>>> print(open('model.txt').read())   # compact mmCIF, C-alpha atoms
# COMPACT_ATOMS: atom_id res chain seq x y z
CA MET A 138 -26.41 -35.73 17.92
CA PRO A 139 -27.87 -38.86 19.53
CA GLN A 140 -29.98 -38.22 22.62
CA PRO A 141 -30.64 -40.70 25.48
CA THR A 142 -34.05 -42.30 25.39
CA PRO A 143 -36.19 -42.67 28.53
CA SER A 144 -35.22 -46.34 28.77
CA ASP A 145 -31.55 -45.38 28.87
CA VAL A 146 -31.91 -43.27 31.99
CA HIS A 147 -34.62 -45.18 33.89
CA VAL A 148 -35.07 -48.88 34.46
CA ASN A 149 -38.63 -49.88 35.39
CA THR A 150 -38.85 -51.38 38.86
CA PRO A 151 -41.90 -52.51 40.83
CA LEU A 152 -43.48 -49.77 42.90
CA THR A 153 -42.77 -50.51 46.54
CA ASN A 154 -46.21 -49.40 47.75
CA ILE A 155 -48.37 -51.20 45.20
CA SER A 156 -48.97 -54.90 44.71
CA ILE A 157 -52.01 -56.01 42.74
CA ALA A 158 -53.73 -59.23 43.76
CA TYR A 159 -57.31 -60.31 43.32
CA VAL A 160 -58.08 -61.04 46.95
CA GLN A 161 -61.79 -60.97 47.77
CA ASP A 162 -63.36 -59.14 50.66
CA ALA A 163 -63.83 -61.66 53.45
CA SER A 164 -67.25 -60.17 54.23
CA MET A 165 -68.50 -61.64 50.93
CA PHE A 166 -68.16 -65.14 52.40
CA ILE A 167 -70.96 -66.14 54.76
CA ALA A 168 -70.30 -69.84 55.50
CA ARG A 169 -69.20 -69.26 59.12
CA ARG A 170 -71.65 -66.45 59.79
CA VAL A 171 -74.99 -68.21 59.42
CA PHE A 172 -74.95 -71.01 61.99
CA PRO A 173 -73.21 -71.26 65.38
CA ALA A 174 -69.89 -73.11 65.57
CA ILE A 175 -69.38 -75.88 68.11
CA PRO A 176 -65.77 -76.75 69.02
CA VAL A 177 -65.34 -80.52 69.41
CA GLN A 178 -62.48 -82.64 70.71
CA LYS A 179 -63.09 -85.72 68.56
CA GLN A 180 -63.28 -86.00 64.78
CA SER A 181 -66.63 -87.77 65.01
CA ASP A 182 -69.12 -88.34 67.79
CA LEU A 183 -72.79 -88.42 68.71
CA TYR A 184 -75.04 -85.67 69.98
CA PHE A 185 -78.51 -85.90 71.50
CA THR A 186 -81.71 -85.00 69.67
CA HIS A 187 -85.18 -84.37 71.10
CA ASP A 188 -88.54 -85.06 69.50
CA ARG A 189 -90.24 -81.67 69.36
CA SER A 190 -93.71 -83.25 69.38
CA HIS A 191 -93.36 -83.97 73.11
CA PHE A 192 -92.53 -80.35 73.86
CA MET A 193 -95.46 -78.96 71.85
CA ARG A 194 -98.31 -81.07 73.23
CA ASP A 195 -100.72 -79.78 75.90
CA GLN A 196 -100.63 -82.59 78.46
CA MET A 197 -101.55 -81.09 81.82
CA GLU A 198 -104.64 -82.57 83.50
CA LYS A 199 -106.77 -81.50 86.42
CA ARG A 200 -105.63 -83.01 89.69
CA ALA A 201 -108.22 -84.32 92.14
CA PRO A 202 -107.53 -84.11 95.89
CA GLY A 203 -105.36 -86.94 97.15
CA THR A 204 -104.34 -88.14 93.68
CA GLY A 205 -101.12 -88.13 91.77
CA SER A 206 -100.34 -85.79 88.93
CA ALA A 207 -100.56 -86.82 85.29
CA GLY A 208 -97.30 -88.24 83.99
CA THR A 209 -95.35 -87.49 80.82
CA GLY A 210 -91.95 -88.00 79.26
CA HIS A 211 -89.97 -87.13 76.18
CA GLY A 212 -88.00 -89.14 73.71
CA VAL A 213 -84.27 -88.67 73.28
CA GLY A 214 -82.41 -89.78 70.18
CA THR A 215 -78.93 -89.32 68.75
CA ASP A 216 -77.36 -88.08 65.56
CA SER A 217 -73.71 -87.86 64.55
CA TYR A 218 -71.17 -85.52 63.03
CA ARG A 219 -67.86 -86.16 61.30
CA CYS A 220 -65.29 -83.45 60.64
CA ASP A 221 -63.44 -84.06 57.39
CA VAL A 222 -59.93 -82.63 57.23
CA TRP A 223 -59.17 -80.35 54.29
CA ALA A 224 -55.62 -79.23 53.48
CA LEU A 225 -53.58 -77.34 50.90
CA HIS A 226 -50.00 -76.07 50.70
CA GLU A 227 -47.70 -73.87 48.68
CA ASP A 228 -43.91 -74.29 48.71
CA VAL A 229 -41.76 -71.17 48.76
CA ASP A 230 -38.28 -72.09 47.54
CA ASP A 231 -35.13 -70.34 48.77
CA GLN A 232 -34.16 -69.04 45.34
CA THR A 233 -37.52 -67.38 44.74
CA ARG A 234 -37.48 -65.77 48.17
CA ALA A 235 -33.93 -64.49 47.76
CA ASN A 236 -34.65 -63.12 44.30
CA ALA A 237 -38.00 -61.49 45.10
CA ASP A 238 -38.22 -57.76 44.53
CA THR A 239 -39.96 -55.45 46.96
CA PRO A 240 -42.95 -55.38 47.58
CA LEU A 241 -43.28 -59.09 46.80
CA ALA A 242 -43.37 -61.25 49.93
CA PRO A 243 -43.65 -64.90 48.88
CA ASP A 244 -44.47 -66.22 52.35
CA GLU A 245 -47.20 -63.66 52.93
CA ASP A 246 -48.57 -64.20 49.43
CA ALA A 247 -48.74 -67.94 50.05
CA THR A 248 -50.59 -67.38 53.33
CA THR A 249 -53.08 -65.10 51.60
CA LEU A 250 -53.63 -67.60 48.79
CA LEU A 251 -54.26 -70.46 51.23
CA SER A 252 -56.58 -68.39 53.41
CA GLU A 253 -58.63 -67.54 50.33
CA ALA A 254 -58.72 -71.22 49.37
CA ARG A 255 -60.15 -72.08 52.78
CA MET A 256 -62.92 -69.50 52.43
CA LEU A 257 -63.78 -70.86 48.98
CA ARG A 258 -63.89 -74.42 50.28
CA MET A 259 -66.14 -73.54 53.21
CA GLU A 260 -68.48 -71.52 51.00
CA ASN A 261 -68.86 -74.44 48.60
CA GLU A 262 -69.47 -76.82 51.51
CA PHE A 263 -72.15 -74.43 52.75
CA VAL A 264 -73.89 -74.58 49.37
CA THR A 265 -73.61 -78.37 49.20
CA ASN A 266 -75.00 -78.90 52.69
CA TYR A 267 -77.58 -76.15 52.97
CA MET A 268 -78.40 -74.34 49.72
CA THR A 269 -79.56 -77.26 47.60
CA THR A 270 -82.92 -78.84 46.90
CA ALA A 271 -84.19 -81.84 48.90
CA LYS A 272 -82.39 -80.73 52.06
CA TRP A 273 -84.99 -78.67 53.90
CA GLY A 274 -88.56 -79.21 54.98
CA LYS A 275 -89.81 -77.02 52.14
CA ASP A 276 -88.33 -76.16 48.73
CA ILE A 277 -89.74 -73.17 46.85
CA THR A 278 -88.95 -72.50 43.19
CA GLY A 279 -88.98 -69.07 41.60
CA VAL A 280 -90.81 -68.90 38.27
CA SER A 281 -91.29 -66.21 35.64
CA GLY A 282 -94.95 -66.97 35.03
CA THR A 283 -97.90 -67.60 37.29
CA PRO A 284 -96.73 -69.58 40.33
CA SER A 285 -98.37 -72.82 41.37
CA THR A 286 -97.92 -74.92 44.52
CA ASP A 287 -94.48 -74.47 46.09
CA GLU A 288 -93.61 -71.70 43.62
CA VAL A 289 -93.33 -67.93 43.86
CA LYS A 290 -92.85 -65.28 41.22
CA GLN A 291 -89.16 -64.49 40.79
CA TRP A 292 -88.11 -61.47 42.81
CA ASN A 293 -86.59 -59.58 39.87
CA ASP A 294 -90.17 -59.22 38.56
CA ALA A 295 -91.63 -55.92 39.78
CA THR A 296 -95.00 -57.63 40.25
CA SER A 297 -93.59 -60.27 42.59
CA THR A 298 -94.27 -60.10 46.32
CA PRO A 299 -91.08 -60.89 48.26
CA ILE A 300 -92.29 -59.35 51.53
CA GLU A 301 -95.44 -61.45 51.48
CA ASP A 302 -93.45 -64.53 50.40
CA ILE A 303 -91.11 -64.25 53.38
CA ARG A 304 -93.96 -63.62 55.80
CA GLN A 305 -95.94 -66.58 54.43
CA TYR A 306 -93.11 -69.06 54.91
CA LYS A 307 -92.09 -67.56 58.21
CA THR A 308 -95.56 -68.47 59.45
CA TYR A 309 -95.31 -71.87 57.73
CA VAL A 310 -92.18 -72.74 59.71
CA GLN A 311 -93.64 -71.39 62.93
CA ARG A 312 -96.73 -73.55 62.54
CA LEU A 313 -94.55 -76.67 62.32
CA THR A 314 -91.91 -75.85 64.91
CA GLY A 315 -93.04 -73.01 67.15
CA ARG A 316 -90.06 -70.93 65.92
CA ARG A 317 -90.15 -68.07 63.45
CA PRO A 318 -87.16 -67.97 61.10
CA ASN A 319 -84.78 -65.14 61.94
CA VAL A 320 -82.08 -65.15 59.24
CA LEU A 321 -82.14 -64.88 55.45
CA VAL A 322 -79.17 -65.80 53.24
CA LEU A 323 -79.24 -64.26 49.77
CA GLY A 324 -77.06 -64.89 46.76
CA GLN A 325 -75.69 -61.62 45.40
CA GLU A 326 -78.08 -61.57 42.44
CA ALA A 327 -81.08 -62.20 44.69
CA TYR A 328 -80.00 -59.32 46.92
CA ASP A 329 -79.53 -57.03 43.91
CA ALA A 330 -83.08 -57.81 42.75
CA LEU A 331 -84.55 -57.05 46.18
CA ALA A 332 -82.56 -53.81 46.43
CA ASP A 333 -84.34 -52.58 43.29
CA HIS A 334 -87.76 -54.03 44.07
CA PRO A 335 -90.50 -51.36 44.26
CA ASP A 336 -92.09 -52.93 47.35
CA ILE A 337 -88.78 -52.78 49.24
CA ILE A 338 -88.01 -49.23 48.13
CA ASP A 339 -91.50 -48.12 49.15
CA ARG A 340 -91.03 -49.56 52.66
CA ILE A 341 -87.68 -47.87 53.33
CA LYS A 342 -87.99 -44.57 51.46
CA TYR A 343 -88.71 -42.69 54.67
CA SER A 344 -86.08 -44.48 56.75
CA GLY A 345 -83.98 -41.29 56.83
CA GLY A 346 -86.64 -39.67 59.01
CA ILE A 347 -89.63 -37.40 58.40
CA GLY A 348 -88.63 -34.35 56.40
CA ASN A 349 -85.44 -35.97 55.11
CA ASP A 350 -85.45 -35.83 51.32
CA THR A 351 -82.29 -37.93 50.97
CA PRO A 352 -83.18 -41.24 49.26
CA ALA A 353 -82.75 -44.21 51.56
CA GLU A 354 -80.03 -46.66 50.62
CA VAL A 355 -81.04 -50.32 50.59
CA THR A 356 -78.75 -52.30 52.89
CA PRO A 357 -78.88 -55.81 54.37
CA ARG A 358 -79.70 -54.22 57.73
CA LEU A 359 -82.72 -52.37 56.30
CA LEU A 360 -83.86 -55.49 54.47
CA ALA A 361 -83.77 -57.35 57.79
CA GLN A 362 -86.03 -54.68 59.27
CA VAL A 363 -88.46 -54.90 56.35
CA PHE A 364 -88.63 -58.68 56.63
CA GLU A 365 -88.70 -58.54 60.47
CA LEU A 366 -85.60 -60.69 60.75
CA GLU A 367 -82.54 -60.70 62.96
CA GLU A 368 -80.14 -60.62 60.02
CA VAL A 369 -79.86 -60.69 56.24
CA LEU A 370 -76.58 -62.06 54.90
CA VAL A 371 -75.44 -61.52 51.30
CA ALA A 372 -73.21 -64.20 49.77
CA GLY A 373 -71.08 -62.37 47.20
CA GLY A 374 -68.10 -64.71 46.96
CA VAL A 375 -66.88 -65.53 43.45
CA GLN A 376 -64.89 -68.52 42.20
CA ASN A 377 -63.15 -69.71 39.04
CA THR A 378 -64.64 -73.10 38.16
CA ALA A 379 -62.21 -73.83 35.32
CA ALA A 380 -59.28 -76.20 35.70
CA GLU A 381 -55.79 -74.71 35.93
CA GLY A 382 -54.56 -73.73 32.49
CA ALA A 383 -58.05 -73.58 30.98
CA THR A 384 -59.94 -70.39 30.18
CA ALA A 385 -61.15 -68.91 33.45
CA ALA A 386 -64.87 -69.17 34.23
CA TYR A 387 -65.92 -66.84 37.04
CA ASP A 388 -69.28 -66.93 38.76
CA PHE A 389 -70.92 -66.45 42.15
CA ILE A 390 -70.61 -69.42 44.46
CA VAL A 391 -74.10 -69.19 45.93
CA GLY A 392 -75.88 -68.01 42.79
CA LYS A 393 -79.54 -67.17 42.36
CA LYS A 394 -80.69 -68.74 45.60
CA ALA A 395 -81.97 -67.87 49.05
CA LEU A 396 -82.18 -69.71 52.38
CA PHE A 397 -84.58 -68.70 55.11
CA CYS A 398 -84.26 -70.37 58.51
CA PHE A 399 -84.18 -70.19 62.29
CA ARG A 400 -80.76 -70.26 63.92
CA GLN A 401 -79.42 -69.91 67.42
CA ARG A 402 -76.85 -67.23 68.06
CA SER A 403 -75.01 -69.62 70.37
CA PRO A 404 -75.34 -73.40 70.77
CA GLY A 405 -76.78 -74.98 73.89
CA LEU A 406 -78.75 -77.90 75.30
CA ARG A 407 -82.32 -78.15 74.04
CA LYS A 408 -81.80 -75.05 71.85
CA PRO A 409 -83.10 -75.84 68.36
CA SER A 410 -81.24 -74.50 65.37
CA ALA A 411 -81.54 -75.27 61.67
CA GLY A 412 -77.83 -75.94 61.46
CA TYR A 413 -74.59 -76.13 63.41
CA ILE A 414 -70.93 -76.16 62.37
CA PHE A 415 -68.80 -78.71 64.20
CA GLU A 416 -65.12 -77.71 64.23
CA TRP A 417 -62.46 -80.22 65.28
CA ASN A 418 -60.37 -78.08 67.58
CA GLY A 419 -59.08 -81.12 69.44
CA TYR A 420 -56.87 -81.85 66.41
CA LEU A 421 -56.04 -78.39 65.16
CA GLY A 422 -55.97 -76.54 68.47
CA SER A 423 -57.74 -73.54 66.96
CA VAL A 424 -60.98 -71.83 67.90
CA GLN A 425 -62.01 -71.85 64.24
CA GLY A 426 -61.05 -75.41 63.39
CA GLN A 427 -58.13 -74.34 61.20
CA ARG A 428 -54.41 -73.65 61.34
CA ILE A 429 -51.68 -72.39 59.06
CA LEU A 430 -48.16 -73.78 59.52
CA ARG A 431 -44.80 -73.05 57.95
CA PHE A 432 -42.14 -75.74 58.14
CA ARG A 433 -38.88 -76.57 56.44
CA MET A 434 -38.63 -78.96 53.47
CA ASP A 435 -34.83 -79.33 53.26
CA HIS A 436 -34.88 -81.83 50.42
CA LEU A 437 -36.74 -79.21 48.34
CA LYS A 438 -34.72 -76.25 49.63
CA SER A 439 -38.07 -74.69 50.41
CA ASP A 440 -40.40 -73.69 53.19
CA ARG A 441 -43.87 -75.18 53.04
CA VAL A 442 -46.85 -73.02 53.99
CA GLU A 443 -49.80 -75.28 54.73
CA ILE A 444 -53.38 -74.74 55.80
CA GLU A 445 -55.67 -77.30 57.40
CA ALA A 446 -59.33 -77.06 58.31
CA ALA A 447 -61.51 -79.70 59.95
CA PHE A 448 -65.25 -79.16 60.13
CA ASP A 449 -68.70 -80.58 59.46
CA MET A 450 -71.52 -78.30 58.36
CA LYS A 451 -74.49 -80.17 59.72
CA LEU A 452 -78.13 -79.60 58.84
CA VAL A 453 -79.72 -80.31 62.21
CA ALA A 454 -83.43 -79.49 61.85
CA ALA A 455 -84.80 -79.48 58.31
CA ASP A 456 -88.22 -78.15 59.33
CA LEU A 457 -86.63 -74.94 60.57
CA GLY A 458 -85.67 -73.84 57.05
CA VAL A 459 -87.12 -73.00 53.64
CA TYR A 460 -84.94 -73.04 50.53
CA PHE A 461 -85.67 -70.82 47.52
CA ASP A 462 -84.22 -72.03 44.20
CA SER A 463 -83.94 -69.91 41.05
CA ILE A 464 -85.42 -67.04 43.02
CA VAL A 465 -84.28 -64.57 40.34
CA ALA A 466 -84.07 -65.06 36.59
>>> encode(input="model.txt", output="structure tokens")
Amino acid sequence: MPQPTPSDVHVNTPLTNISIAYVQDASMFIARRVFPAIPVQKQSDLYFTHDRSHFMRDQMEKRAPGTGSAGTGHGVGTDSYRCDVWALHEDVDDQTRANADTPLAPDEDATTLLSEARMLRMENEFVTNYMTTAKWGKDITGVSGTPSTDEVKQWNDATSTPIEDIRQYKTYVQRLTGRRPNVLVLGQEAYDALADHPDIIDRIKYSGGIGNDTPAEVTPRLLAQVFELEEVLVAGGVQNTAAEGATAAYDFIVGKKALFCFRQRSPGLRKPSAGYIFEWNGYLGSVQGQRILRFRMDHLKSDRVEIEAAFDMKLVAADLGVYFDSIVA
């Protein structure tokens, strides 16, 4: 006698509590976390610059009775910013929305997709403006052999000296500017190499306290303590560099690089910082220089979800940073 098969008595439907999407952890993107953001009302404008040489020269002189004091002054210059406007949209048509099964939410999915696109764009702009050769006052290249001038041994080599490297160039920047770098940006692969480096492990192995036999876990916070820095940031964002329809090619956005610099926690007059992010809030009306809108496209029988971002990632003081290229193999 024929018996019903499983497909006769059950029709597969999407689980209402599960929806799989490859959305990256926002903490993996560091573009807005390195330098302070400055909200601006105009798309482009000027800002004042000061020649640090005037502020680092000993100029006081002895004053004889009845005479005037020695005079001084300082030069003031200008530089400029320009916030480009970036935008992207996805149209959600009425038929798709009406036909969508739970837990699919086309409008929310579109918002998530566009938010991810903004993070990817900002991370790539960060690399273009900051984590590239010939941008900073000093470029250092990691090598597998014996390093020469402006080279260090790659940090994945157990015989390399990353702690000494950081200290050396911290002092180098201080000698030029009077400021010791306080933040280190690491590509994911550079961080992974440091987390396994014997010198780092040796420094933190007792961080759990005397008498604690639990192995210490390497974290960005502990690395910052080892390097005597305010913060270590790990750039773990990934992107697909292939064109739509082509075979996907995934890789880290930042790659095998590191950036070491001095930054201000908050912007201000006569407060030097290696970089600033200018965000055009006068146009977008947002504290982060972005907005997401949804508006009707009647001729398409669709709603358009659109994101805009307007910013300029500006390298302000090149001598306040050191860039490490190919720092791991």
>>> closest_residue(input="model.txt", among="A:Ala455, A:Cys398, A:Val424, A:Leu225", to="Glu367 in chain A", atoms="only C-alpha atoms")
A:Cys398
>>> atom_distance(input="model.txt", atom1="CA of Asp333 in chain A", atom2="CA of Thr378 in chain A")
28.9 Å
>>> residues_around(input="model.txt", residues="range 209-224 of chain A", least_positions_apart="2", cutoff="7 Å", atoms="only C-alpha atoms", output="count of residues only")
20
>>> residues_near_point(input="model.txt", point="(-97.0, -50.5, 45.8)", cutoff="12 Å", atoms="all atoms listed in the file", output="NGL selection string")
:A and (295-298 or 300 or 334-340)
>>> residues_around(input="model.txt", residues="Ile167 in chain A", least_positions_apart="5", cutoff="8 Å", atoms="all atoms listed in the file", output="PDB file with C-alpha atoms, in the frame of the given file")
ATOM      1  CA  GLU A 260     -68.480 -71.520  51.000  1.00  0.00           C
ATOM      2  CA  LEU A 370     -76.580 -62.060  54.900  1.00  0.00           C
ATOM      3  CA  VAL A 371     -75.440 -61.520  51.300  1.00  0.00           C
ATOM      4  CA  ALA A 372     -73.210 -64.200  49.770  1.00  0.00           C
TER       5      ALA A 372
END
>>> residues_around(input="model.txt", residues="range 269-272 of chain A", least_positions_apart="2", cutoff="9 Å", atoms="all atoms listed in the file", output="ChimeraX atom specification")
/A:264-267,274-277,394,452,455,460-462
>>> residues_around(input="model.txt", residues="Lys290 in chain A", least_positions_apart="6", cutoff="9 Å", atoms="only C-alpha atoms", output="PDB file with C-alpha atoms, in the frame of the given file")
ATOM      1  CA  THR A 278     -88.950 -72.500  43.190  1.00  0.00           C
ATOM      2  CA  GLY A 279     -88.980 -69.070  41.600  1.00  0.00           C
ATOM      3  CA  VAL A 280     -90.810 -68.900  38.270  1.00  0.00           C
ATOM      4  CA  SER A 281     -91.290 -66.210  35.640  1.00  0.00           C
ATOM      5  CA  GLY A 282     -94.950 -66.970  35.030  1.00  0.00           C
ATOM      6  CA  THR A 283     -97.900 -67.600  37.290  1.00  0.00           C
ATOM      7  CA  PRO A 284     -96.730 -69.580  40.330  1.00  0.00           C
ATOM      8  CA  THR A 296     -95.000 -57.630  40.250  1.00  0.00           C
ATOM      9  CA  SER A 297     -93.590 -60.270  42.590  1.00  0.00           C
ATOM     10  CA  THR A 298     -94.270 -60.100  46.320  1.00  0.00           C
ATOM     11  CA  PRO A 299     -91.080 -60.890  48.260  1.00  0.00           C
ATOM     12  CA  ILE A 464     -85.420 -67.040  43.020  1.00  0.00           C
ATOM     13  CA  VAL A 465     -84.280 -64.570  40.340  1.00  0.00           C
TER      14      VAL A 465
END
>>> atom_distance(input="model.txt", atom1="CA of Gly426 in chain A", atom2="CA of Gly373 in chain A")
23.1 Å
>>> residues_near_point(input="model.txt", point="(-45.2, -78.5, 48.4)", cutoff="12 Å", atoms="all atoms listed in the file", output="ChimeraX atom specification")
/A:224-230,247,431-444
>>> closest_residue(input="model.txt", among="A:Ala386, A:Asp287, A:Ser206, A:Phe172", to="Tyr309 in chain A", atoms="all atoms listed in the file")
A:Asp287
>>> atom_distance(input="model.txt", atom1="CA of Phe263 in chain A", atom2="CA of Ser463 in chain A")
17.2 Å
>>> closest_residue(input="model.txt", among="A:Leu359, A:Leu257, A:Ile414, A:Ile429", to="Glu245 in chain A", atoms="only C-alpha atoms")
A:Ile429
>>> closest_residue(input="model.txt", among="A:Gly419, A:Pro243, A:Gly458, A:Gly374", to="Ala395 in chain A", atoms="only C-alpha atoms")
A:Gly458
>>> residues_around(input="model.txt", residues="Phe397 in chain A", least_positions_apart="4", cutoff="7 Å", atoms="all atoms listed in the file", output="MDAnalysis selection string")
chainID A and resid 318 320:322 458:460
